[in-house]
$ cat upload.txt   # compact mmCIF, C-alpha atoms
# COMPACT_ATOMS: atom_id res chain seq x y z
CA MET A 12 -75.51 190.47 -274.74
CA SER A 13 -73.89 190.34 -271.29
CA ALA A 14 -74.51 187.55 -268.80
CA THR A 15 -76.53 189.97 -266.64
CA ASP A 16 -78.74 190.96 -269.59
CA ASP A 17 -79.23 187.31 -270.40
CA ARG A 18 -80.29 186.57 -266.84
CA ALA A 19 -82.62 189.58 -266.80
CA GLY A 20 -84.13 188.24 -270.01
CA ARG A 21 -84.69 184.88 -268.36
CA ASP A 22 -86.38 186.62 -265.42
CA ASP A 23 -88.69 188.43 -267.85
CA ALA A 24 -89.43 185.15 -269.57
CA HIS A 25 -90.28 183.63 -266.19
CA GLY A 26 -92.64 186.53 -265.47
CA ALA A 27 -94.27 186.14 -268.88
CA THR A 28 -94.65 182.41 -268.26
CA ALA A 29 -96.22 183.07 -264.88
CA ALA A 30 -98.71 185.37 -266.62
CA GLY A 31 -99.34 182.61 -269.14
CA VAL A 32 -100.00 180.17 -266.32
CA SER A 33 -102.53 182.56 -264.78
CA ALA A 34 -104.21 182.91 -268.17
CA ALA A 35 -104.27 179.12 -268.56
CA ARG A 36 -105.80 178.82 -265.10
CA ALA A 37 -108.44 181.39 -266.01
CA GLY A 38 -109.09 179.42 -269.19
CA ASP A 39 -109.52 176.26 -267.10
CA ARG A 40 -112.09 178.00 -264.95
CA VAL A 41 -114.01 179.22 -267.99
CA SER A 42 -113.95 175.72 -269.53
CA ALA A 43 -115.10 174.19 -266.26
CA ALA A 44 -117.99 176.65 -266.02
CA GLY A 45 -118.97 175.96 -269.60
CA ASN A 46 -118.74 172.18 -269.22
CA ASN A 47 -121.98 170.49 -270.18
CA ARG A 48 -123.84 168.64 -267.45
CA THR A 49 -125.62 166.07 -269.55
CA GLY A 50 -122.85 163.49 -269.10
CA CYS A 51 -122.09 163.65 -272.85
CA ASP A 52 -118.44 164.70 -273.39
CA ASP A 53 -118.21 166.30 -276.85
CA ARG A 54 -114.73 167.78 -276.35
CA ALA A 55 -111.93 166.91 -278.79
CA PRO A 56 -109.63 164.07 -277.59
CA GLY A 57 -106.67 166.50 -277.38
CA GLU A 58 -108.64 168.82 -275.13
CA ARG A 59 -109.68 165.92 -272.89
CA ASP A 60 -105.99 164.86 -272.58
CA THR A 61 -104.97 168.41 -271.69
CA ARG A 62 -107.67 168.63 -269.04
CA ALA A 63 -106.70 165.23 -267.62
CA SER A 64 -103.01 166.15 -267.41
CA GLY A 65 -103.97 169.53 -265.91
CA TRP A 66 -106.01 167.71 -263.29
CA LEU A 67 -103.07 165.38 -262.54
CA LEU A 68 -100.72 168.36 -262.30
CA ARG A 69 -103.03 170.06 -259.79
CA GLY A 70 -103.19 166.85 -257.75
CA ALA A 71 -99.40 166.49 -257.77
CA ALA A 72 -99.07 170.18 -256.86
CA ARG A 73 -101.26 169.58 -253.79
CA LEU A 74 -98.97 166.72 -252.76
CA ALA A 75 -95.87 168.90 -253.22
CA LEU A 76 -97.42 171.77 -251.23
CA ALA A 77 -98.29 169.39 -248.38
CA ARG A 78 -94.78 167.88 -248.37
CA TYR A 79 -92.89 171.20 -248.72
CA PRO A 80 -95.01 173.88 -247.01
CA GLU A 81 -92.25 176.49 -247.26
CA ARG A 82 -90.81 175.86 -250.71
CA GLY A 83 -93.96 174.32 -252.20
CA PRO A 84 -95.37 177.43 -253.98
CA GLU A 85 -92.03 177.98 -255.72
CA ILE A 86 -91.79 174.32 -256.78
CA VAL A 87 -95.36 174.33 -258.10
CA ALA A 88 -94.86 177.62 -259.99
CA THR A 89 -91.73 176.19 -261.63
CA ALA A 90 -93.57 172.97 -262.60
CA LYS A 91 -96.50 174.93 -264.06
CA ALA A 92 -94.15 177.21 -265.99
CA GLY A 93 -92.40 174.13 -267.42
CA ALA A 94 -95.74 172.51 -268.28
CA THR A 95 -96.93 175.65 -270.08
CA ASP A 96 -93.66 176.22 -271.96
CA ARG A 97 -93.10 172.65 -273.10
CA GLY A 98 -96.66 171.30 -273.01
CA ALA A 99 -95.50 168.48 -270.75
CA ALA A 100 -97.99 168.69 -267.90
CA LEU A 101 -98.05 164.92 -267.42
CA ALA A 102 -94.25 164.68 -267.08
CA GLU A 103 -94.21 167.64 -264.67
CA ALA A 104 -97.03 166.05 -262.64
CA ALA A 105 -95.10 162.76 -262.43
CA SER A 106 -91.91 164.52 -261.36
CA LEU A 107 -93.80 166.51 -258.69
CA ALA A 108 -95.44 163.33 -257.37
CA VAL A 109 -92.06 161.54 -257.16
CA LEU A 110 -90.58 164.56 -255.36
CA ALA A 111 -93.48 164.75 -252.90
CA LEU A 112 -93.46 161.01 -252.15
CA ARG A 113 -89.69 160.51 -251.81
CA PRO A 114 -88.47 159.51 -248.34
CA ALA A 115 -87.36 162.40 -246.14
CA SER A 116 -84.63 160.52 -244.24
CA THR A 117 -83.14 157.10 -243.55
CA ARG A 118 -85.31 156.92 -240.42
CA ALA A 119 -88.43 157.49 -242.53
CA VAL A 120 -87.30 154.70 -244.87
CA TRP A 121 -87.14 152.17 -242.01
CA LEU A 122 -90.38 153.46 -240.45
CA HIS A 123 -92.29 153.06 -243.72
CA GLY A 124 -90.57 149.71 -244.24
CA ALA A 125 -91.76 148.55 -240.80
CA LEU A 126 -95.34 149.57 -241.64
CA LEU A 127 -95.11 147.62 -244.90
CA ALA A 128 -93.73 144.58 -243.07
CA VAL A 129 -96.63 144.66 -240.58
CA ALA A 130 -99.12 144.91 -243.46
CA LEU A 131 -97.39 141.98 -245.19
CA ALA A 132 -97.52 139.87 -242.01
CA GLY A 133 -101.25 140.57 -241.80
CA LEU A 134 -101.76 139.57 -245.45
CA VAL A 135 -99.76 136.36 -245.02
CA ALA A 136 -101.98 135.44 -242.07
CA LEU A 137 -104.94 135.73 -244.45
CA THR A 138 -103.42 133.96 -247.45
CA PRO A 139 -100.06 132.23 -247.88
CA LEU A 140 -100.07 133.48 -251.48
CA ALA A 141 -98.94 136.83 -250.05
CA LEU A 142 -95.54 135.24 -249.38
CA VAL A 143 -94.55 136.14 -252.96
CA LEU A 144 -95.11 139.85 -252.31
CA PRO A 145 -91.76 140.48 -250.53
CA PHE A 146 -89.96 139.29 -253.67
CA ALA A 147 -91.80 141.90 -255.72
CA LEU A 148 -91.06 144.50 -253.05
CA LEU A 149 -87.38 143.60 -253.14
CA ALA A 150 -87.26 143.92 -256.93
CA LEU A 151 -88.94 147.35 -256.81
CA GLY A 152 -86.82 148.24 -253.79
CA VAL A 153 -83.90 148.90 -256.13
CA PHE A 154 -85.73 152.14 -257.01
CA ASP A 155 -87.34 152.89 -253.63
CA PRO A 156 -85.49 151.91 -250.44
CA ARG A 157 -88.75 151.84 -248.44
CA LEU A 158 -89.93 148.79 -250.37
CA ALA A 159 -86.61 146.99 -249.89
CA ALA A 160 -86.70 147.87 -246.18
CA GLY A 161 -90.24 146.42 -245.99
CA ALA A 162 -89.08 143.11 -247.49
CA THR A 163 -86.00 143.05 -245.22
CA LEU A 164 -87.99 143.63 -242.03
CA PHE A 165 -90.66 141.11 -243.06
CA TRP A 166 -88.05 138.39 -243.64
CA LEU A 167 -86.29 139.33 -240.40
CA PHE A 168 -89.61 138.88 -238.58
CA ARG A 169 -90.15 135.49 -240.28
CA LEU A 170 -86.60 134.44 -239.42
CA VAL A 171 -86.80 135.24 -235.71
CA THR A 172 -90.24 133.67 -235.37
CA ALA A 173 -89.38 130.55 -237.43
CA ASP A 174 -89.65 127.16 -235.77
CA LEU A 175 -86.18 125.60 -235.67
CA ALA A 176 -87.49 122.08 -235.28
CA GLU A 177 -85.67 119.15 -236.82
CA GLY A 178 -85.43 119.33 -240.60
CA HIS A 179 -86.05 123.06 -240.75
CA LEU A 180 -82.43 124.15 -240.51
CA ALA A 181 -81.93 124.21 -244.30
CA ARG A 182 -85.06 126.36 -244.70
CA TRP A 183 -83.84 128.66 -241.95
CA LEU A 184 -80.45 129.06 -243.62
CA LEU A 185 -82.18 129.84 -246.93
CA MET A 186 -84.22 132.53 -245.18
CA LEU A 187 -81.03 133.90 -243.63
CA ALA A 188 -79.45 134.15 -247.10
CA GLY A 189 -82.60 135.90 -248.39
CA LEU A 190 -82.47 138.33 -245.50
CA ALA A 191 -78.81 139.13 -246.16
CA LEU A 192 -79.63 139.80 -249.83
CA ALA A 193 -82.58 142.03 -248.90
CA ALA A 194 -80.45 143.98 -246.42
CA HIS A 195 -77.81 144.46 -249.13
CA VAL A 196 -80.40 145.73 -251.65
CA THR A 197 -81.78 148.13 -249.01
CA ARG A 198 -78.29 149.46 -248.32
CA LEU A 199 -77.57 149.99 -252.04
CA SER A 200 -80.95 151.60 -252.61
CA LEU A 201 -80.45 153.97 -249.65
CA ARG A 202 -77.03 154.91 -250.99
CA ARG A 203 -78.46 155.49 -254.47
CA ALA A 204 -81.24 157.71 -253.07
CA ALA A 205 -78.75 159.88 -251.18
CA ALA A 206 -76.17 160.10 -253.99
CA LEU A 207 -75.52 163.52 -255.53
CA MET B 15 -72.34 162.55 -259.85
CA ARG B 16 -75.73 162.34 -261.57
CA GLU B 17 -76.11 164.26 -264.81
CA PRO B 18 -78.87 166.62 -263.53
CA THR B 19 -76.71 167.50 -260.50
CA PHE B 20 -73.74 168.20 -262.75
CA PHE B 21 -75.79 170.52 -264.96
CA VAL B 22 -77.42 172.29 -261.99
CA LEU B 23 -73.99 173.07 -260.52
CA THR B 24 -72.65 174.19 -263.91
CA ALA B 25 -75.67 176.45 -264.48
CA LEU B 26 -74.96 178.18 -261.16
CA LEU B 27 -71.30 178.89 -262.00
CA PRO B 28 -71.88 182.34 -263.60
CA GLY B 29 -74.07 183.50 -260.72
CA PRO B 30 -77.24 182.91 -258.68
CA LEU B 31 -80.37 181.72 -260.51
CA HIS B 32 -83.93 180.86 -259.51
CA GLY B 33 -85.43 177.42 -260.14
CA TYR B 34 -86.92 178.11 -263.55
CA GLY B 35 -83.76 180.03 -264.56
CA ILE B 36 -81.72 176.90 -263.79
CA ILE B 37 -84.04 174.77 -265.95
CA LYS B 38 -83.74 177.19 -268.90
CA SER B 39 -79.99 177.53 -268.46
CA VAL B 40 -79.48 173.74 -268.43
CA GLU B 41 -81.63 173.40 -271.54
CA GLU B 42 -79.56 176.06 -273.34
CA MET B 43 -76.20 174.66 -272.20
CA SER B 44 -77.03 171.13 -273.31
CA GLY B 45 -78.56 172.25 -276.61
CA GLY B 46 -81.94 170.90 -275.52
CA ARG B 47 -80.56 167.43 -274.75
CA VAL B 48 -81.16 167.71 -270.99
CA THR B 49 -84.62 168.84 -269.91
CA LEU B 50 -84.98 169.11 -266.17
CA ARG B 51 -88.43 168.66 -264.63
CA ALA B 52 -89.31 170.60 -261.49
CA GLY B 53 -89.26 167.44 -259.38
CA THR B 54 -85.80 166.46 -260.61
CA LEU B 55 -84.47 169.98 -260.09
CA TYR B 56 -85.73 170.43 -256.54
CA ALA B 57 -84.66 166.92 -255.51
CA ALA B 58 -81.15 167.76 -256.78
CA LEU B 59 -81.21 171.16 -255.04
CA ASP B 60 -82.34 169.48 -251.82
CA ARG B 61 -79.43 167.01 -251.92
CA LEU B 62 -76.96 169.74 -252.88
CA GLU B 63 -78.15 172.00 -250.05
CA LYS B 64 -77.75 169.13 -247.58
CA ALA B 65 -74.22 168.55 -248.92
CA GLY B 66 -73.45 172.26 -248.50
CA ALA B 67 -72.75 172.68 -252.24
CA VAL B 68 -75.61 175.11 -252.90
CA ALA B 69 -77.11 177.80 -250.68
CA LEU B 70 -80.07 180.16 -250.82
CA ASP B 71 -78.85 183.53 -252.10
CA ARG B 72 -81.98 185.68 -251.84
CA GLU B 73 -85.74 185.56 -252.13
CA GLU B 74 -87.82 187.87 -254.29
CA SER B 75 -91.56 188.19 -254.55
CA GLU B 76 -93.41 190.33 -257.07
CA GLY B 77 -96.99 189.51 -256.21
CA GLY B 78 -96.71 185.88 -257.36
CA PRO B 79 -95.10 182.96 -255.58
CA PRO B 80 -91.72 183.73 -253.96
CA ARG B 81 -88.75 183.26 -256.27
CA ARG B 82 -85.65 181.93 -254.55
CA TYR B 83 -82.21 182.40 -256.04
CA TYR B 84 -79.63 179.70 -255.42
CA ARG B 85 -75.85 180.12 -255.51
CA LEU B 86 -72.84 177.84 -255.50
CA THR B 87 -70.85 177.64 -252.27
CA PRO B 88 -67.05 177.09 -252.21
CA GLU B 89 -67.83 173.40 -251.44
CA GLY B 90 -69.99 173.30 -254.57
CA ILE B 91 -67.17 174.73 -256.68
CA ASP B 92 -64.76 172.11 -255.25
CA LEU B 93 -67.29 169.38 -256.04
CA LEU B 94 -67.63 170.58 -259.63
CA GLU B 95 -63.86 170.85 -259.98
CA ALA B 96 -63.45 167.25 -258.79
CA GLU B 97 -66.11 166.13 -261.27
CA ARG B 98 -64.33 168.03 -264.09
CA ARG B 99 -61.07 166.21 -263.27
CA ARG B 100 -62.85 162.84 -263.22
CA LEU B 101 -64.54 163.50 -266.59
CA GLU B 102 -61.26 164.70 -268.12
CA GLU B 103 -59.47 161.56 -266.96
CA ASN B 104 -62.23 159.41 -268.45
CA ALA B 105 -62.16 161.40 -271.70
CA SER B 106 -58.39 161.00 -272.00
CA LEU B 107 -58.79 157.23 -271.61
CA VAL B 108 -61.27 157.24 -274.51
CA ARG B 109 -58.96 159.47 -276.60
CA GLU B 110 -56.08 157.03 -276.05
CA GLY B 111 -58.24 154.06 -276.95
CA LEU B 112 -59.62 155.73 -280.07
CA ARG B 113 -56.10 156.62 -281.21
CA GLN B 114 -55.25 152.91 -281.15
CA VAL B 115 -58.29 151.77 -283.14
CA ARG B 116 -58.31 154.77 -285.50
CA PRO B 117 -54.70 155.82 -286.10
CA ALA B 118 -54.37 159.21 -287.82
$ encode --input "upload.txt" --output "C-alpha cells"
Amino acid sequence: MSATDDRAGRDDAHGATAAGVSAARAGDRVSAAGNNRTGCDDRAPGERDTRASGWLLRGAARLALARYPERGPEIVATAKAGATDRGAALAEAASLAVLALRPASTRAVWLHGALLAVALAGLVALTPLALVLPFALLALGVFDPRLAAGATLFWLFRLVTADLAEGHLARWLLMLAGLALAAHVTRLSLRRAAAL
Amino acid sequence: MREPTFFVLTALLPGPLHGYGIIKSVEEMSGGRVTLRAGTLYAALDRLEKAGAVALDREESEGGPPRRYYRLTPEGIDLLEAERRRLEENASLVREGLRQVRPA
C-alpha cells in the first residue's frame, strides 16, 4: 500500500469515526429521553461511568470552543473521535480542559498572577492562616506559571509594604530570599510552558 | 524537545495530515506506546505554529467540522534534523558505555 493510500485510509477511518460519534450522540439523546424521573438510577455502573465521562467531555468541549472559537470545532471533533475509538472519554476531557485553561501568553500569566495575589491579600486580611497558601501556590506553580506568579507578586507586595522597624531586618531579608526563589520558580515554569 | 512534539513533527514528514491523522500516525509509529490526546496534540501544534515549524496546509469540510491539514515548514525540518543529531549523539554515548560494561 502506498503512503497516499494509507493516508486516504486514515481519512476514511476519520469519517467513519465521525459517523460513530454522531451515532453515539444520538444514542445519548435516546438514553436521556428514556431516563427515568423517579430519582431511582437503575443503570449499570459501567453505563453510569460512561454517561459521567460523556458529560465531562461535553463540558470540556464547551471550554475548548470558548477558548478557541476558530479551531474549537476541529479540536472537539478530534477529542470525540479519540474518545470513541479508545473509550477514553475521561482522559480526552481532561486534556481538553488543560488545553482550554492554559495561559495564552506571558502577559496573561502575570495578569492572572496579580489577580491571585490580590485575592490572597484579601484572605490574609481575614485570617493569618492564609499566609501558608502562597507556599502551596509556589509548589503547584512548577506546573502552572500563573500560580507561581501569584505567589511571587503576593510576596513582593508583602515585602514593599513590610515595616522595617528595628528587629525586623532579618524577617525582611528572609522574605527577600523567598521572593527571589518564587521569581526563579516562575521563570522556570514560564520557560517550561513555552518549551517545544 | 518534548516527546509528543518530536512525534508530531515526525508524523508530518511524509506529508500533510489532519489532527486525528497525526494521532493515528503517532500511535502506529510508536507501536501504540505513545497515545496523543487532543489537548496534547493541539497544544503542541500551537507551540510549533508559533515557532514557525508547522503551518496550515489546507482546510477541508465535508458537512462535519472543518478538517485542517498541517504541514512541516523548512524550519520544522531543521528542528527535527537538530533533534535527530542530538538523539544520535546521546545514543552513541550509551553504545560506548554499554560496550565497556558488556564487552562482546
$ closest_atom_pairs --input "upload.txt" --of "chain B" --to "chain A" --cutoff "6 Å" --atoms "all atoms listed in the file" --output "CSV"
residue,atom,partner,partner_atom,distance
B:Met15,CA,A:Leu207,CA,5.5
B:Tyr34,CA,A:Thr89,CA,5.5
B:Arg51,CA,A:Glu103,CA,5.9
B:Ala52,CA,A:Ala90,CA,5.0
B:Gly53,CA,A:Ser106,CA,4.4
B:Pro79,CA,A:Pro84,CA,5.8
$ atom_distance --input "upload.txt" --atom1 "CA of Arg81 in chain B" --atom2 "CA of Val68 in chain B"
15.8 Å
$ atom_distance --input "upload.txt" --atom1 "CA of Ala130 in chain A" --atom2 "CA of Pro145 in chain A"
11.1 Å
$ atom_distance --input "upload.txt" --atom1 "CA of Thr87 in chain B" --atom2 "CA of Ala105 in chain B"
26.8 Å
$ residues_around --input "upload.txt" --residues "range 171-173 of chain A" --least-positions-apart "2" --cutoff "10 Å" --atoms "only C-alpha atoms" --output "PyMOL selection string"
chain A and resi 166-169+175-176+179-180+182-183+186-187
$ build_atoms --input "upload.txt" --residues "range 42-66 of chain B" --atoms "N, CA and C atoms" --output "CSV table (one decimal), keeping the file's coordinate frame"
chain,number,residue,atom,x,y,z
B,42,GLU,N,-80.4,175.3,-272.4
B,42,GLU,CA,-79.6,176.1,-273.3
B,42,GLU,C,-78.2,175.4,-273.4
B,43,MET,N,-77.6,175.2,-272.2
B,43,MET,CA,-76.2,174.7,-272.2
B,43,MET,C,-76.1,173.3,-272.9
B,44,SER,N,-77.1,172.5,-272.7
B,44,SER,CA,-77.0,171.1,-273.3
B,44,SER,C,-77.6,171.1,-274.7
B,45,GLY,N,-78.0,172.2,-275.3
B,45,GLY,CA,-78.6,172.2,-276.6
B,45,GLY,C,-79.9,171.5,-276.7
B,46,GLY,N,-80.6,171.5,-275.6
B,46,GLY,CA,-81.9,170.9,-275.5
B,46,GLY,C,-81.9,169.4,-275.2
B,47,ARG,N,-80.7,168.9,-275.0
B,47,ARG,CA,-80.6,167.4,-274.8
B,47,ARG,C,-81.1,167.1,-273.3
B,48,VAL,N,-80.7,168.0,-272.4
B,48,VAL,CA,-81.2,167.7,-271.0
B,48,VAL,C,-82.3,168.6,-270.6
B,49,THR,N,-83.5,168.1,-270.3
B,49,THR,CA,-84.6,168.8,-269.9
B,49,THR,C,-84.9,168.5,-268.5
B,50,LEU,N,-84.7,169.4,-267.6
B,50,LEU,CA,-85.0,169.1,-266.2
B,50,LEU,C,-86.5,169.4,-265.9
B,51,ARG,N,-87.1,168.4,-265.1
B,51,ARG,CA,-88.4,168.7,-264.6
B,51,ARG,C,-88.3,169.3,-263.2
B,52,ALA,N,-89.4,169.9,-262.8
B,52,ALA,CA,-89.3,170.6,-261.5
B,52,ALA,C,-89.0,169.6,-260.4
B,53,GLY,N,-89.5,168.4,-260.4
B,53,GLY,CA,-89.3,167.4,-259.4
B,53,GLY,C,-87.8,167.0,-259.3
B,54,THR,N,-87.2,166.8,-260.5
B,54,THR,CA,-85.8,166.5,-260.6
B,54,THR,C,-84.9,167.6,-260.1
B,55,LEU,N,-85.3,168.8,-260.5
B,55,LEU,CA,-84.5,170.0,-260.1
B,55,LEU,C,-84.5,170.2,-258.6
B,56,TYR,N,-85.7,170.1,-258.0
B,56,TYR,CA,-85.7,170.4,-256.5
B,56,TYR,C,-85.2,169.3,-255.7
B,57,ALA,N,-85.3,168.0,-256.2
B,57,ALA,CA,-84.7,166.9,-255.5
B,57,ALA,C,-83.1,167.1,-255.5
B,58,ALA,N,-82.6,167.5,-256.7
B,58,ALA,CA,-81.2,167.8,-256.8
B,58,ALA,C,-80.7,168.9,-255.9
B,59,LEU,N,-81.5,170.0,-255.9
B,59,LEU,CA,-81.2,171.2,-255.0
B,59,LEU,C,-81.2,170.8,-253.6
B,60,ASP,N,-82.2,169.9,-253.2
B,60,ASP,CA,-82.3,169.5,-251.8
B,60,ASP,C,-81.1,168.7,-251.4
B,61,ARG,N,-80.6,167.8,-252.3
B,61,ARG,CA,-79.4,167.0,-251.9
B,61,ARG,C,-78.2,167.9,-251.9
B,62,LEU,N,-78.1,168.9,-252.8
B,62,LEU,CA,-77.0,169.7,-252.9
B,62,LEU,C,-76.9,170.7,-251.7
B,63,GLU,N,-78.1,171.1,-251.2
B,63,GLU,CA,-78.2,172.0,-250.0
B,63,GLU,C,-77.7,171.2,-248.8
B,64,LYS,N,-78.2,170.0,-248.7
B,64,LYS,CA,-77.8,169.1,-247.6
B,64,LYS,C,-76.2,168.9,-247.6
B,65,ALA,N,-75.7,168.8,-248.8
B,65,ALA,CA,-74.2,168.6,-248.9
B,65,ALA,C,-73.4,169.8,-248.8
B,66,GLY,N,-74.1,171.0,-248.7
B,66,GLY,CA,-73.4,172.3,-248.5
B,66,GLY,C,-72.9,172.8,-249.8
